[in-house]
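Engineer: Just one file: work.tsv, with TSV, C-alpha atoms.
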chain	number	residue	atom	x	y	z
A	28	MET	CA	35.82	11.58	6.54
A	29	VAL	CA	33.75	13.90	4.36
A	30	ILE	CA	33.17	11.10	1.86
A	31	TYR	CA	32.09	8.80	4.67
A	32	CYS	CA	29.64	11.38	6.01
A	33	SER	CA	28.18	11.91	2.55
A	34	PHE	CA	27.76	8.18	2.14
A	35	LEU	CA	26.10	7.99	5.54
A	36	GLN	CA	23.64	10.74	4.60
A	37	LEU	CA	22.79	8.98	1.36
A	38	SER	CA	22.22	5.77	3.24
A	39	THR	CA	19.91	7.55	5.65
A	40	VAL	CA	17.92	9.15	2.83
A	41	ASN	CA	17.74	5.79	1.06
A	42	CYS	CA	16.47	4.17	4.24
A	43	GLN	CA	13.78	6.83	4.67
A	44	LEU	CA	12.69	6.43	1.05
A	45	SER	CA	12.50	2.67	1.50
A	46	THR	CA	10.37	3.15	4.60
A	47	ILE	CA	7.99	5.50	2.76
A	48	ASN	CA	7.83	3.06	-0.15
A	49	CYS	CA	6.98	0.27	2.25
A	50	GLN	CA	4.20	2.32	3.87
A	51	LEU	CA	2.77	3.21	0.47
A	52	SER	CA	2.80	-0.45	-0.52
A	53	THR	CA	0.97	-1.32	2.67
A	54	VAL	CA	-1.67	1.35	2.04
A	55	ASN	CA	-2.00	0.20	-1.56
A	56	TYR	CA	-2.46	-3.39	-0.37
A	57	GLN	CA	-5.12	-2.36	2.14
A	58	LEU	CA	-6.97	-0.36	-0.52
A	59	SER	CA	-6.83	-3.32	-2.89
A	60	THR	CA	-8.21	-5.57	-0.18
A	61	ILE	CA	-11.04	-3.13	0.58
A	62	ASN	CA	-11.75	-2.81	-3.14
A	63	CYS	CA	-11.92	-6.59	-3.44
A	64	GLN	CA	-14.30	-6.83	-0.48
A	65	LEU	CA	-16.52	-4.14	-1.97
A	66	SER	CA	-16.57	-5.97	-5.29
A	67	THR	CA	-17.57	-9.15	-3.52
A	68	ILE	CA	-20.37	-7.38	-1.65
A	69	ASN	CA	-21.49	-5.76	-4.89
A	70	CYS	CA	-21.58	-9.16	-6.56
A	71	GLN	CA	-23.64	-10.64	-3.70
A	72	LEU	CA	-26.07	-7.73	-3.83
A	73	SER	CA	-26.44	-8.16	-7.58
A	74	THR	CA	-27.18	-11.83	-7.07
A	75	VAL	CA	-29.82	-11.09	-4.45
A	76	ASN	CA	-31.29	-8.38	-6.64
A	77	CYS	CA	-31.47	-10.81	-9.53
A	78	GLN	CA	-33.27	-13.38	-7.39
A	79	LEU	CA	-35.75	-10.79	-6.17
A	80	THR	CA	-36.54	-9.59	-9.66
Using structure tokens, write down the structure that the file contains.
Structural biologist:
Amino acid sequence: MVIYCSFLQLSTVNCQLSTINCQLSTVNYQLSTINCQLSTINCQLSTVNCQLT
């Protein structure tokens, strides 16, 4: 029974770590998307600036 309980605790911890990892991946993905959008905007602004010059 003790072994089973230990295994259950490890499974729970593993599940929590997986959840945290998933959330971090989601945040990382959102940041990458935002970064990409900013780069695109920056590129458009540079283009406009070049045309104005």
Engineer: To one decimal in Å, tell me the separation between CA of Gln71 in chain A and CA of Ser59 in chain A.
Structural biologist: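 CA of Ser59 in chain A lies 18.4 Å from CA of Gln71 in chain A.
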Engineer: Find the distance between CA of Ser33 in chain A and CA of Thr46 in chain A and write it in Å to one decimal.
Structural biologist: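 Straight-line distance from CA of Ser33 in chain A to CA of Thr46 in chain A works out to 20.0 Å.
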Engineer: Quote the spacing between CA of Tyr31 in chain A and CA of Ile47 in chain A in Å to one decimal place.
Structural biologist: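 Computing it gives 24.4 Å between the two atoms.
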Engineer: Using only the atoms of range 30-46 of chain A listed in the file, plus 8 Å on each side, state the axis-aligned box centre and edge lengths in Å rounded to one decimal, as AutoDock Vina command-line options.
Structural biologist:
--center_x 21.8 --center_y 7.3 --center_z 3.5 --size_x 38.8 --size_y 25.2 --size_z 21.0
